[in-house]
Every structure is written in C-alpha cells, then in structure tokens.
$ cat structure.json   # JSON, C-alpha atoms and all ligand atoms
[["chain", "number", "residue", "atom", "x", "y", "z"],
["A", 8, "MET", "CA", 70.20, 111.66, 74.21],
["A", 9, "SER", "CA", 72.95, 111.45, 76.80],
["A", 10, "SER", "CA", 71.94, 110.86, 80.42],
["A", 11, "PRO", "CA", 72.33, 113.76, 82.90],
["A", 12, "PRO", "CA", 75.65, 113.86, 84.71],
["A", 13, "ARG", "CA", 75.68, 111.96, 87.99],
["A", 14, "PRO", "CA", 76.03, 114.12, 91.10],
["A", 15, "GLN", "CA", 79.62, 114.02, 92.28],
["A", 16, "PRO", "CA", 80.49, 113.80, 95.98],
["A", 17, "ALA", "CA", 81.77, 117.13, 97.32],
["A", 18, "THR", "CA", 84.98, 115.58, 98.61],
["A", 19, "PRO", "CA", 86.76, 112.61, 97.09],
["A", 20, "THR", "CA", 85.84, 109.52, 99.08],
["A", 21, "VAL", "CA", 88.74, 107.46, 100.29],
["A", 22, "LEU", "CA", 88.39, 103.86, 101.38],
["A", 23, "ARG", "CA", 87.97, 103.67, 105.15],
["A", 24, "ALA", "CA", 90.73, 101.78, 106.91],
["A", 25, "ARG", "CA", 89.76, 98.21, 107.83],
["A", 26, "LYS", "CA", 92.98, 96.80, 109.19],
["A", 27, "ALA", "CA", 95.07, 97.53, 112.26],
["A", 28, "VAL", "CA", 98.77, 97.05, 112.82],
["A", 29, "ILE", "CA", 100.17, 96.82, 116.34],
["A", 30, "PRO", "CA", 103.97, 96.98, 116.63],
["A", 31, "ALA", "CA", 104.92, 94.91, 119.68],
["A", 32, "ALA", "CA", 108.53, 93.98, 119.03],
["A", 33, "GLY", "CA", 110.18, 96.39, 121.49],
["A", 34, "LEU", "CA", 112.41, 94.91, 124.17],
["A", 35, "GLY", "CA", 110.65, 96.68, 127.05],
["A", 36, "THR", "CA", 113.94, 97.63, 128.71],
["A", 37, "ARG", "CA", 112.23, 100.40, 130.71],
["A", 38, "PHE", "CA", 110.33, 97.66, 132.53],
["A", 39, "ALA", "CA", 113.18, 95.21, 133.08],
["A", 40, "PRO", "CA", 113.46, 92.86, 134.90],
["A", 41, "ALA", "CA", 109.66, 92.30, 134.66],
["A", 42, "THR", "CA", 110.09, 92.02, 130.88],
["A", 43, "LYS", "CA", 112.98, 89.52, 130.85],
["A", 44, "VAL", "CA", 110.56, 86.76, 129.88],
["A", 45, "VAL", "CA", 107.10, 88.37, 129.84],
["A", 46, "PRO", "CA", 106.51, 90.71, 126.86],
["A", 47, "LYS", "CA", 105.76, 94.22, 128.14],
["A", 48, "GLU", "CA", 102.55, 94.14, 126.10],
["A", 49, "LEU", "CA", 101.26, 91.35, 128.35],
["A", 50, "LEU", "CA", 101.83, 93.15, 131.65],
["A", 51, "PRO", "CA", 98.43, 93.33, 133.32],
["A", 52, "VAL", "CA", 96.59, 96.60, 133.73],
["A", 53, "VAL", "CA", 94.39, 95.40, 136.62],
["A", 54, "ASP", "CA", 93.41, 91.95, 135.26],
["A", 55, "VAL", "CA", 93.73, 92.38, 131.49],
["A", 56, "PRO", "CA", 97.03, 92.51, 129.57],
["A", 57, "ALA", "CA", 97.79, 95.95, 128.12],
["A", 58, "LEU", "CA", 97.66, 94.59, 124.57],
["A", 59, "GLU", "CA", 94.09, 93.34, 124.97],
["A", 60, "TYR", "CA", 92.93, 96.91, 125.61],
["A", 61, "ILE", "CA", 94.56, 97.93, 122.33],
["A", 62, "VAL", "CA", 93.10, 95.06, 120.27],
["A", 63, "ALA", "CA", 89.68, 95.76, 121.83],
["A", 64, "GLU", "CA", 89.96, 99.41, 120.79],
["A", 65, "ALA", "CA", 90.72, 98.42, 117.19],
["A", 66, "ALA", "CA", 87.82, 95.95, 117.16],
["A", 67, "ARG", "CA", 85.38, 98.54, 118.58],
["A", 68, "VAL", "CA", 85.94, 100.84, 115.60],
["A", 69, "GLY", "CA", 85.52, 98.05, 113.06],
["A", 70, "LEU", "CA", 89.16, 97.14, 112.42],
["A", 71, "ALA", "CA", 88.47, 93.41, 112.27],
["A", 72, "ASP", "CA", 91.90, 92.26, 111.07],
["A", 73, "VAL", "CA", 94.77, 92.95, 113.41],
["A", 74, "LEU", "CA", 98.43, 92.28, 112.65],
["A", 75, "VAL", "CA", 100.75, 92.19, 115.64],
["A", 76, "ILE", "CA", 104.43, 92.67, 114.80],
["A", 77, "THR", "CA", 106.24, 90.60, 117.39],
["A", 78, "GLY", "CA", 109.87, 89.63, 117.86],
["A", 79, "ARG", "CA", 112.00, 87.00, 119.54],
["A", 80, "GLY", "CA", 110.79, 86.01, 123.00],
["A", 81, "LYS", "CA", 107.29, 87.32, 122.36],
["A", 82, "ASP", "CA", 105.48, 84.10, 121.49],
["A", 83, "ALA", "CA", 103.23, 84.37, 124.55],
["A", 84, "ILE", "CA", 101.38, 87.18, 122.77],
["A", 85, "GLU", "CA", 99.93, 84.69, 120.28],
["A", 86, "GLY", "CA", 98.94, 82.39, 123.13],
["A", 87, "HIS", "CA", 96.94, 85.14, 124.81],
["A", 88, "PHE", "CA", 94.69, 85.60, 121.77],
["A", 89, "ASP", "CA", 94.28, 81.86, 121.23],
["A", 90, "ALA", "CA", 91.83, 79.52, 122.96],
["A", 91, "ALA", "CA", 92.92, 78.15, 126.36],
["A", 92, "PRO", "CA", 91.00, 74.83, 126.61],
["A", 93, "GLU", "CA", 92.38, 73.80, 130.03],
["A", 94, "VAL", "CA", 91.57, 77.14, 131.66],
["A", 95, "GLU", "CA", 88.17, 77.25, 129.94],
["A", 96, "ASP", "CA", 87.29, 73.66, 131.03],
["A", 97, "ALA", "CA", 88.29, 74.42, 134.62],
["A", 98, "LEU", "CA", 86.11, 77.55, 134.70],
["A", 99, "GLU", "CA", 83.22, 75.66, 133.09],
["A", 100, "ARG", "CA", 83.45, 72.95, 135.76],
["A", 101, "LYS", "CA", 83.40, 75.63, 138.46],
["A", 102, "GLY", "CA", 80.40, 77.23, 136.78],
["A", 103, "ASP", "CA", 82.23, 80.58, 136.65],
["A", 104, "GLU", "CA", 80.47, 81.89, 133.54],
["A", 105, "HIS", "CA", 81.59, 85.44, 134.09],
["A", 106, "ARG", "CA", 85.31, 84.69, 134.15],
["A", 107, "LEU", "CA", 84.90, 82.20, 131.31],
["A", 108, "ALA", "CA", 83.43, 84.95, 129.15],
["A", 109, "ARG", "CA", 86.35, 87.20, 130.06],
["A", 110, "VAL", "CA", 88.88, 84.50, 129.16],
["A", 111, "ARG", "CA", 87.16, 83.86, 125.83],
["A", 112, "ARG", "CA", 86.89, 87.55, 124.98],
["A", 113, "SER", "CA", 90.47, 87.82, 123.72],
["A", 114, "THR", "CA", 89.90, 84.97, 121.28],
["A", 115, "ASP", "CA", 86.79, 86.54, 119.80],
["A", 116, "LEU", "CA", 87.85, 90.18, 119.53],
["A", 117, "ALA", "CA", 89.39, 90.22, 116.05],
["A", 118, "ARG", "CA", 91.03, 88.09, 113.38],
["A", 119, "MET", "CA", 94.61, 88.02, 114.66],
["A", 120, "HIS", "CA", 97.67, 87.84, 112.42],
["A", 121, "TYR", "CA", 101.33, 87.84, 113.43],
["A", 122, "THR", "CA", 104.69, 88.49, 111.90],
["A", 123, "ARG", "CA", 108.13, 88.88, 113.45],
["A", 124, "GLN", "CA", 110.49, 91.79, 113.17],
["A", 125, "ARG", "CA", 113.94, 90.23, 112.79],
["A", 126, "GLU", "CA", 115.87, 92.92, 114.68],
["A", 127, "ALA", "CA", 114.73, 95.85, 116.83],
["A", 128, "ARG", "CA", 115.49, 98.49, 114.20],
["A", 129, "GLY", "CA", 112.83, 101.04, 115.06],
["A", 130, "LEU", "CA", 109.12, 101.72, 114.76],
["A", 131, "GLY", "CA", 109.33, 102.51, 111.04],
["A", 132, "ASP", "CA", 111.11, 99.23, 110.39],
["A", 133, "ALA", "CA", 108.47, 97.34, 112.42],
["A", 134, "VAL", "CA", 105.64, 98.95, 110.42],
["A", 135, "SER", "CA", 107.36, 98.02, 107.15],
["A", 136, "TYR", "CA", 106.70, 94.34, 107.98],
["A", 137, "ALA", "CA", 102.97, 95.06, 107.53],
["A", 138, "GLU", "CA", 103.19, 95.74, 103.79],
["A", 139, "ALA", "CA", 101.85, 92.41, 102.50],
["A", 140, "PHE", "CA", 99.07, 92.35, 105.13],
["A", 141, "VAL", "CA", 97.95, 95.91, 104.38],
["A", 142, "GLY", "CA", 98.03, 95.76, 100.56],
["A", 143, "ASN", "CA", 96.79, 98.89, 98.87],
["A", 144, "GLU", "CA", 94.51, 100.25, 101.60],
["A", 145, "PRO", "CA", 94.78, 102.84, 104.34],
["A", 146, "PHE", "CA", 95.35, 101.25, 107.75],
["A", 147, "ALA", "CA", 95.62, 102.15, 111.41],
["A", 148, "VAL", "CA", 98.70, 101.77, 113.61],
["A", 149, "LEU", "CA", 98.15, 101.44, 117.36],
["A", 150, "LEU", "CA", 101.12, 101.43, 119.70],
["A", 151, "GLY", "CA", 100.82, 99.03, 122.61],
["A", 152, "ASP", "CA", 102.16, 101.56, 125.13],
["A", 153, "ASP", "CA", 99.25, 103.94, 124.79],
["A", 154, "ILE", "CA", 95.93, 102.89, 126.26],
["A", 155, "ILE", "CA", 93.08, 105.21, 125.35],
["A", 156, "ASP", "CA", 90.19, 104.98, 127.79],
["A", 157, "GLU", "CA", 87.30, 103.23, 126.08],
["A", 158, "ARG", "CA", 84.91, 105.95, 127.27],
["A", 159, "ASP", "CA", 86.76, 108.57, 125.19],
["A", 160, "VAL", "CA", 86.75, 108.81, 121.40],
["A", 161, "LEU", "CA", 89.89, 109.13, 119.30],
["A", 162, "LEU", "CA", 90.43, 106.43, 116.71],
["A", 163, "ALA", "CA", 86.86, 106.53, 115.36],
["A", 164, "ARG", "CA", 87.27, 110.25, 114.69],
["A", 165, "MET", "CA", 90.69, 109.69, 113.10],
["A", 166, "LEU", "CA", 89.22, 107.08, 110.72],
["A", 167, "GLU", "CA", 86.46, 109.53, 109.80],
["A", 168, "VAL", "CA", 88.96, 112.29, 109.06],
["A", 169, "GLN", "CA", 91.08, 109.92, 106.97],
["A", 170, "ALA", "CA", 88.04, 108.74, 104.98],
["A", 171, "GLU", "CA", 87.13, 112.38, 104.25],
["A", 172, "ARG", "CA", 90.54, 113.85, 103.56],
["A", 173, "GLY", "CA", 92.85, 110.93, 102.80],
["A", 174, "GLY", "CA", 96.56, 111.04, 103.58],
["A", 175, "ILE", "CA", 97.94, 110.70, 107.08],
["A", 176, "VAL", "CA", 95.95, 111.27, 110.28],
["A", 177, "LEU", "CA", 97.77, 111.48, 113.62],
["A", 178, "GLY", "CA", 96.55, 111.29, 117.18],
["A", 179, "LEU", "CA", 97.84, 114.37, 119.04],
["A", 180, "ILE", "CA", 97.91, 115.65, 122.60],
["A", 181, "GLU", "CA", 99.03, 118.95, 124.05],
["A", 182, "VAL", "CA", 102.06, 118.58, 126.33],
["A", 183, "GLU", "CA", 103.81, 120.99, 128.62],
["A", 184, "GLY", "CA", 107.44, 122.09, 128.59],
["A", 185, "ALA", "CA", 110.22, 119.59, 128.09],
["A", 186, "ALA", "CA", 107.83, 116.63, 127.78],
["A", 187, "ILE", "CA", 107.75, 117.21, 124.00],
["A", 188, "SER", "CA", 111.20, 115.55, 123.81],
["A", 189, "LEU", "CA", 109.55, 112.18, 124.43],
["A", 190, "TYR", "CA", 107.34, 112.45, 121.35],
["A", 191, "GLY", "CA", 107.10, 113.35, 117.70],
["A", 192, "SER", "CA", 106.38, 117.09, 117.45],
["A", 193, "ILE", "CA", 104.22, 118.60, 114.70],
["A", 194, "LYS", "CA", 104.24, 121.97, 112.97],
["A", 195, "PRO", "CA", 100.62, 123.06, 112.55],
["A", 196, "ALA", "CA", 99.46, 124.46, 109.22],
["A", 197, "GLY", "CA", 96.41, 126.23, 110.68],
["A", 198, "ASP", "CA", 94.14, 126.29, 113.70],
["A", 199, "VAL", "CA", 92.26, 123.49, 115.38],
["A", 200, "VAL", "CA", 88.78, 123.24, 113.85],
["A", 201, "ASP", "CA", 86.36, 120.66, 115.30],
["A", 202, "GLY", "CA", 89.30, 118.99, 117.00],
["A", 203, "VAL", "CA", 91.22, 118.63, 113.71],
["A", 204, "ILE", "CA", 94.37, 120.45, 112.69],
["A", 205, "ALA", "CA", 96.29, 120.45, 109.40],
["A", 206, "VAL", "CA", 99.92, 119.43, 109.86],
["A", 207, "GLU", "CA", 102.73, 120.96, 107.83],
["A", 208, "THR", "CA", 105.54, 118.72, 109.00],
["A", 209, "LEU", "CA", 106.83, 116.77, 111.98],
["A", 210, "ILE", "CA", 110.08, 115.75, 113.65],
["A", 211, "GLU", "CA", 110.99, 112.97, 116.07],
["A", 212, "LYS", "CA", 111.78, 113.71, 119.74],
["A", 213, "PRO", "CA", 113.11, 117.28, 119.43],
["A", 214, "LYS", "CA", 115.04, 119.08, 122.14],
["A", 215, "PRO", "CA", 112.51, 121.31, 123.94],
["A", 216, "GLU", "CA", 113.92, 124.44, 122.27],
["A", 217, "GLU", "CA", 113.62, 122.83, 118.83],
["A", 218, "ALA", "CA", 110.01, 121.64, 119.19],
["A", 219, "LEU", "CA", 107.70, 122.72, 116.36],
["A", 220, "SER", "CA", 104.76, 123.21, 118.76],
["A", 221, "ASN", "CA", 103.44, 121.73, 121.99],
["A", 222, "LEU", "CA", 101.39, 119.20, 120.02],
["A", 223, "ALA", "CA", 102.80, 115.72, 120.46],
["A", 224, "VAL", "CA", 102.12, 112.60, 118.39],
["A", 225, "ILE", "CA", 100.68, 109.76, 120.45],
["A", 226, "GLY", "CA", 100.48, 106.10, 119.52],
["A", 227, "ARG", "CA", 97.59, 106.28, 117.05],
["A", 228, "TYR", "CA", 98.08, 106.77, 113.30],
["A", 229, "VAL", "CA", 95.98, 106.24, 110.19],
["A", 230, "LEU", "CA", 98.33, 105.84, 107.25],
["A", 231, "PRO", "CA", 98.04, 105.45, 103.48],
["A", 232, "PRO", "CA", 99.77, 102.45, 101.85],
["A", 233, "GLN", "CA", 102.33, 104.84, 100.27],
["A", 234, "ILE", "CA", 104.03, 104.86, 103.67],
["A", 235, "PHE", "CA", 105.83, 101.63, 102.72],
["A", 236, "ASP", "CA", 107.52, 103.26, 99.76],
["A", 237, "ALA", "CA", 108.33, 106.30, 101.93],
["A", 238, "LEU", "CA", 109.91, 104.01, 104.55],
["A", 239, "ARG", "CA", 112.21, 102.61, 101.85],
["A", 240, "ARG", "CA", 113.26, 106.18, 101.00],
["A", 241, "THR", "CA", 113.86, 107.23, 104.62],
["A", 242, "GLU", "CA", 117.30, 107.40, 106.21],
["A", 243, "LEU", "CA", 117.99, 106.14, 109.72],
["A", 244, "GLY", "CA", 117.28, 108.67, 112.47],
["A", 245, "ALA", "CA", 119.43, 109.96, 115.33],
["A", 246, "ARG", "CA", 118.83, 106.77, 117.37],
["A", 247, "GLY", "CA", 120.17, 104.70, 114.44],
["A", 248, "GLU", "CA", 116.63, 103.42, 113.89],
["A", 249, "LEU", "CA", 114.14, 103.77, 111.08],
["A", 250, "GLU", "CA", 111.61, 106.26, 112.47],
["A", 251, "LEU", "CA", 107.97, 106.26, 111.40],
["A", 252, "THR", "CA", 107.97, 110.03, 112.03],
["A", 253, "ASP", "CA", 110.71, 110.55, 109.43],
["A", 254, "ALA", "CA", 108.88, 108.47, 106.80],
["A", 255, "MET", "CA", 105.69, 110.46, 107.40],
["A", 256, "ARG", "CA", 107.64, 113.68, 106.90],
["A", 257, "VAL", "CA", 108.92, 112.28, 103.57],
["A", 258, "LEU", "CA", 105.30, 111.59, 102.52],
["A", 259, "GLY", "CA", 104.29, 115.09, 103.59],
["A", 260, "GLN", "CA", 107.04, 116.49, 101.38],
["A", 261, "ASP", "CA", 105.56, 114.44, 98.50],
["A", 262, "GLY", "CA", 102.35, 116.47, 99.01],
["A", 263, "VAL", "CA", 100.35, 113.83, 100.89],
["A", 264, "PRO", "CA", 97.93, 115.68, 103.25],
["A", 265, "MET", "CA", 98.56, 115.34, 106.98],
["A", 266, "HIS", "CA", 96.05, 116.07, 109.72],
["A", 267, "GLY", "CA", 95.94, 115.56, 113.44],
["A", 268, "VAL", "CA", 93.03, 114.89, 115.77],
["A", 269, "VAL", "CA", 93.69, 116.64, 119.09],
["A", 270, "PHE", "CA", 92.78, 114.33, 121.97],
["A", 271, "SER", "CA", 92.07, 115.58, 125.48],
["A", 272, "GLY", "CA", 90.57, 112.43, 126.96],
["A", 273, "ARG", "CA", 92.06, 109.82, 129.27],
["A", 274, "ARG", "CA", 95.27, 108.21, 128.02],
["A", 275, "TYR", "CA", 97.61, 105.90, 129.93],
["A", 276, "ASP", "CA", 101.22, 105.57, 128.83],
["A", 277, "THR", "CA", 101.84, 102.09, 130.15],
["A", 278, "GLY", "CA", 105.40, 102.02, 128.78],
["A", 279, "ASP", "CA", 106.40, 104.38, 131.59],
["A", 280, "ARG", "CA", 106.47, 102.87, 135.10],
["A", 281, "GLN", "CA", 104.95, 105.90, 136.82],
["A", 282, "ASP", "CA", 102.13, 106.18, 134.32],
["A", 283, "TYR", "CA", 101.64, 102.42, 134.34],
["A", 284, "LEU", "CA", 101.12, 102.49, 138.10],
["A", 285, "ARG", "CA", 98.73, 105.42, 137.79],
["A", 286, "ALA", "CA", 96.77, 103.55, 135.11],
["A", 287, "VAL", "CA", 96.50, 100.44, 137.28],
["A", 288, "VAL", "CA", 95.34, 102.43, 140.32],
["A", 289, "ARG", "CA", 92.89, 104.53, 138.35],
["A", 290, "LEU", "CA", 91.34, 101.64, 136.46],
["A", 291, "ALA", "CA", 91.25, 99.52, 139.63],
["A", 292, "CYS", "CA", 89.27, 102.29, 141.38],
["A", 293, "GLU", "CA", 86.77, 102.27, 138.51],
["A", 294, "HIS", "CA", 86.64, 98.48, 138.14],
["A", 295, "PRO", "CA", 83.05, 97.16, 138.41],
["A", 296, "GLU", "CA", 84.01, 94.31, 140.79],
["A", 297, "LEU", "CA", 87.08, 95.65, 142.59],
["A", 298, "GLY", "CA", 86.49, 99.39, 142.52],
["A", 299, "ALA", "CA", 84.45, 99.98, 145.69],
["A", 300, "ASP", "CA", 86.70, 97.91, 147.99],
["A", 301, "PHE", "CA", 89.93, 99.05, 146.39],
["A", 302, "SER", "CA", 89.08, 102.76, 146.52],
["A", 303, "GLY", "CA", 88.07, 102.39, 150.17],
["A", 304, "TRP", "CA", 91.41, 100.76, 150.98],
["A", 305, "LEU", "CA", 93.30, 103.35, 148.92],
["A", 306, "THR", "CA", 91.67, 106.25, 150.73],
["A", 307, "GLU", "CA", 92.76, 104.77, 154.06],
["A", 308, "PHE", "CA", 96.22, 103.97, 152.78],
["A", 309, "VAL", "CA", 96.80, 107.50, 151.49],
["A", 310, "ARG", "CA", 95.97, 108.83, 154.98],
["A", 311, "THR", "CA", 98.88, 106.80, 156.38],
["A", 312, "LEU", "CA", 101.44, 108.25, 153.95],
["B", 401, "LIG", "C1", 107.06, 106.55, 119.35],
["B", 401, "LIG", "C2", 107.19, 107.50, 118.16],
["B", 401, "LIG", "C3", 106.96, 108.96, 118.62],
["B", 401, "LIG", "C4", 105.61, 109.06, 119.31],
["B", 401, "LIG", "C5", 105.54, 108.05, 120.48],
["B", 401, "LIG", "C6", 104.15, 108.04, 121.08],
["B", 401, "LIG", "O1", 108.15, 106.77, 120.22],
["B", 401, "LIG", "O2", 108.47, 107.34, 117.57],
["B", 401, "LIG", "O3", 106.98, 109.81, 117.51],
["B", 401, "LIG", "O4", 105.43, 110.38, 119.77],
["B", 401, "LIG", "O5", 105.83, 106.72, 120.03],
["B", 401, "LIG", "O6", 104.09, 107.21, 122.22],
["B", 401, "LIG", "P1", 108.57, 105.72, 121.37],
["B", 401, "LIG", "O7", 107.75, 106.09, 122.56],
["B", 401, "LIG", "O8", 108.26, 104.36, 120.85],
["B", 401, "LIG", "O9", 110.03, 105.95, 121.59]]
$ encode --input "structure.json" --output "structure tokens"
Amino acid sequence: MSSPPRPQPATPTVLRARKAVIPAAGLGTRFAPATKVVPKELLPVVDVPALEYIVAEAARVGLADVLVITGRGKDAIEGHFDAAPEVEDALERKGDEHRLARVRRSTDLARMHYTRQREARGLGDAVSYAEAFVGNEPFAVLLGDDIIDERDVLLARMLEVQAERGGIVLGLIEVEGAAISLYGSIKPAGDVVDGVIAVETLIEKPKPEEALSNLAVIGRYVLPPQIFDALRRTELGARGELELTDAMRVLGQDGVPMHGVVFSGRRYDTGDRQDYLRAVVRLACEHPELGADFSGWLTEFVRTL
C-alpha cells in the first residue's frame, strides 16, 4: 500500500537570505574634501562610523556573512572591522570597559569579507562582484548611505517577504514632488497590503514628470542569484553606469516576482550633507551618554539663532 501524500506547504518555500552585500566603492564626491582620504562610509555619525550601523543592521537580522565591495583608497574600512590591539590595550590599562566593549563590537558583529571594484562603474557593476560570494542563494544588499534606525523594522520584514514569495524585494519610501528624481521609481501592480506592494516595473532616477509613482527605492534590496545573469544582460544607463535598477527591471521582464516593503520609519541619508547633519544631531540628542547635555546645549543654541 502506498503511503498517504505528504501535506504540501501552501506557498513554495524559498531559502531565506543569509548573506549581505554592502557596496562601498563610491568616491564620496558629495562629501569632498572630507572624503579625500577617509572613505565616506567611515564618517562618524556621532561616535560610530556610518558603515558600522549598516553591518550591525545586517547582523541583527541574522545575515552573518557580510561582503563589503570596496575600491582604491578604501583600505581603512577593513581596519575598522579588524582588532585594534594597541587601542584595546590602552583602554584595558585605563580600565575603561565600556569603551573597550564598543571598540571590540565592530570586530564581533559579523564574518567580514572584502573585494574591490576595479573602476567606479555603477551600483550594478559593484553588486556583480558579489557573485562568487553569494553562490546560488538569495541575498541582501544594503547601501552604506542609508541608515535605518535600529528601533524601526524594515530588513527583517523584507527577508520574510522574500522567503514567502521569492524574487526581488525592495525597500520603499513615499517621497514628495521632485525628490523622486534622486531615486529609483516603481510602478505598483496593486495596493499596499500589510505594508507590502507588488511591483510591476521600475526605472532609475526619472524626471519628476516621468516618475511611475511617488514610491522610491531606498538602499535595501533582497535579490535572487539570477540578478548576476541579468546584470550581464543589462546595458549601461544614462549615467554611463551599470544600474542595479535596470538589471532588476530585466529580471522583472523575465517574470521574476517583485515586491516592495513600504517603510515609514526613521531613515537617515548620510550621503547627503544636510541629512547627514540632521542624523548626527538627532542621534546625538538620543545618545545614552551625550543626549541630555547635548539637547540642553542645542535648545539654548537654537534660541540664539
Ligand atoms: C542608488 C540607486 C537608486 C536608489 C538609491 C537609494 O542611487 O541607484 O535606485 O533609489 O540608491 O539611495 P544613488 O543614491 O547611489 O545614486
């Protein structure tokens, strides 16, 4: 007698992403001259380099292997996630356990891997360097410019959606007016349900009048490994660079499902000087050690303006 059929899961289960890729090869020209020697990813947001917030976010959602795509002049990034025996010894001698723990944190966050993009040829080109690291699994891409406040949830939800539905999952925000020209713009294929929206297609940095909606792609993606083949089939974009947005559109045309998770929490675009300053001030006001004094000073200072 044959055994009864096994119950089948209602939706096909897709392997949950386990690896993160962080493109960090950009020249940081918007922040020059600060970025002549110091990679923009290492600029401090209060007392922690921007990139550490991003690696910590990946680690928090279980992405234990992190590949940083660096470039020339960016070697200091590797140093930040390595041990610093002299600094650690000095703090140990001073008995400053608290700061010692903070210095060691970056070393313990995740298993760090590095590769170098040879030329700054665009975000899509940078991501293509991750192919051997990623293998045949879905993976997350986190852009170093976008810091998502650790009190708000985005990536965990995106990983969940990807594990349920497969394909591409994008982090999205609603933007107003002409701001859409700074982002990838998506065409929805339905309404937002439980914070998730099906995506029909997307284009990179449209003119405001050509935007497909007011939903903008932010620096969080969960991608299937087929993206590497799509990147090979994608032509250079208007900036003369290989755009990740264009390769995702190619995959969408192949029939790969695309969804977005609409985020309304706190996000700091540290690639932009104004937003960087706002992020520093905001996070300084909320800092457990500095916050009370700093906010007091700031309140007084604002009165003098
Ligand atoms: C990149 C992407 C764009 C996305 C943005 C989010 O642009 O190409 O689609 O909306 O990141 O920050 P960049 O800001 O690197 O020019």
$ residues_around --input "structure.json" --residues "region 49-59 of chain A" --least-positions-apart "3" --cutoff "9 Å" --atoms "only C-alpha atoms" --output "ChimeraX atom specification"
/A:29,31,41-42,45-46,62-64,83-84,87-88,113,116,151-154,277,283-284,286-288,290-291,294
$ closest_atom_pairs --input "structure.json" --of "chain A" --to "ligand LIG 401 (chain B)" --cutoff "10 Å" --atoms "only C-alpha atoms and all ligand atoms" --output "Markdown table"
| residue | atom | partner | partner_atom | distance |
| --- | --- | --- | --- | --- |
| A:Pro30 | CA | B:LIG401 | O8 | 9.5 |
| A:Gly33 | CA | B:LIG401 | O8 | 8.2 |
| A:Gly129 | CA | B:LIG401 | O2 | 8.1 |
| A:Leu130 | CA | B:LIG401 | O2 | 6.3 |
| A:Gly131 | CA | B:LIG401 | O2 | 8.2 |
| A:Leu149 | CA | B:LIG401 | O6 | 9.6 |
| A:Leu150 | CA | B:LIG401 | O6 | 7.0 |
| A:Gly151 | CA | B:LIG401 | O6 | 8.8 |
| A:Asp152 | CA | B:LIG401 | O6 | 6.6 |
| A:Asp153 | CA | B:LIG401 | O6 | 6.4 |
| A:Leu177 | CA | B:LIG401 | O4 | 9.9 |
| A:Gly178 | CA | B:LIG401 | C6 | 9.1 |
| A:Leu179 | CA | B:LIG401 | O4 | 8.6 |
| A:Ile180 | CA | B:LIG401 | O4 | 9.6 |
| A:Ile187 | CA | B:LIG401 | O4 | 8.4 |
| A:Ser188 | CA | B:LIG401 | O4 | 8.7 |
| A:Leu189 | CA | B:LIG401 | O4 | 6.5 |
| A:Tyr190 | CA | B:LIG401 | O4 | 3.2 |
| A:Gly191 | CA | B:LIG401 | O3 | 3.5 |
| A:Ser192 | CA | B:LIG401 | O4 | 7.2 |
| A:Ile193 | CA | B:LIG401 | O3 | 9.6 |
| A:Leu209 | CA | B:LIG401 | O3 | 8.9 |
| A:Ile210 | CA | B:LIG401 | O3 | 7.7 |
| A:Glu211 | CA | B:LIG401 | O3 | 5.3 |
| A:Lys212 | CA | B:LIG401 | O3 | 6.6 |
| A:Pro213 | CA | B:LIG401 | O3 | 9.9 |
| A:Leu222 | CA | B:LIG401 | O4 | 9.7 |
| A:Ala223 | CA | B:LIG401 | O4 | 6.0 |
| A:Val224 | CA | B:LIG401 | O4 | 4.2 |
| A:Ile225 | CA | B:LIG401 | C6 | 3.9 |
| A:Gly226 | CA | B:LIG401 | C6 | 4.4 |
| A:Arg227 | CA | B:LIG401 | C6 | 7.9 |
| A:Tyr228 | CA | B:LIG401 | C4 | 9.9 |
| A:Arg246 | CA | B:LIG401 | O9 | 9.8 |
| A:Glu248 | CA | B:LIG401 | O2 | 9.8 |
| A:Leu249 | CA | B:LIG401 | O2 | 9.3 |
| A:Glu250 | CA | B:LIG401 | O2 | 6.1 |
| A:Leu251 | CA | B:LIG401 | O2 | 6.3 |
| A:Thr252 | CA | B:LIG401 | O3 | 5.6 |
| A:Asp253 | CA | B:LIG401 | O3 | 8.9 |
| A:Asp276 | CA | B:LIG401 | O6 | 7.4 |
| A:Thr277 | CA | B:LIG401 | O6 | 9.7 |
| A:Gly278 | CA | B:LIG401 | O7 | 7.8 |
| A:Asp279 | CA | B:LIG401 | O7 | 9.3 |
$ residues_near_point --input "structure.json" --point "(102.9, 97.1, 110.9)" --cutoff "10 Å" --atoms "only C-alpha atoms" --output "PyMOL selection string"
chain A and resi 27-31+73-77+121-122+124+130-141+146-150+235
$ residues_around --input "structure.json" --residues "His266 (chain A)" --least-positions-apart "3" --cutoff "6 Å" --atoms "all atoms listed in the file" --output "ChimeraX atom specification"
/A:176,204-206
$ atom_distance --input "structure.json" --atom1 "CA of Trp304 (chain A)" --atom2 "CA of Arg158 (chain A)"
25.1 Å
$ atom_distance --input "structure.json" --atom1 "CA of Met265 (chain A)" --atom2 "CA of Ala170 (chain A)"
12.6 Å
$ closest_residue --input "structure.json" --among "A:Val110, A:Ala245, A:Leu238, A:Glu183" --to "Glu95 (chain A)" --atoms "only C-alpha atoms"
A:Val110
$ closest_residue --input "structure.json" --among "A:Pro195, A:Gly202, A:Gly303, A:Gly80" --to "Met165 (chain A)" --atoms "all atoms listed in the file"
A:Gly202
$ residues_around --input "structure.json" --residues "Ala117 (chain A)" --least-positions-apart "2" --cutoff "7 Å" --atoms "all atoms listed in the file" --output "PyMOL selection string"
chain A and resi 66+71-73+115+119
$ atom_distance --input "structure.json" --atom1 "CA of Gly197 (chain A)" --atom2 "CA of Ala218 (chain A)"
16.7 Å
$ closest_residue --input "structure.json" --among "A:Phe301, A:Tyr60, A:Phe270, A:Phe308" --to "Val182 (chain A)" --atoms "all atoms listed in the file"
A:Phe270
$ closest_residue --input "structure.json" --among "A:Lys47, A:Arg109, A:Asn143, A:Gly244" --to "Arg128 (chain A)" --atoms "all atoms listed in the file"
A:Gly244
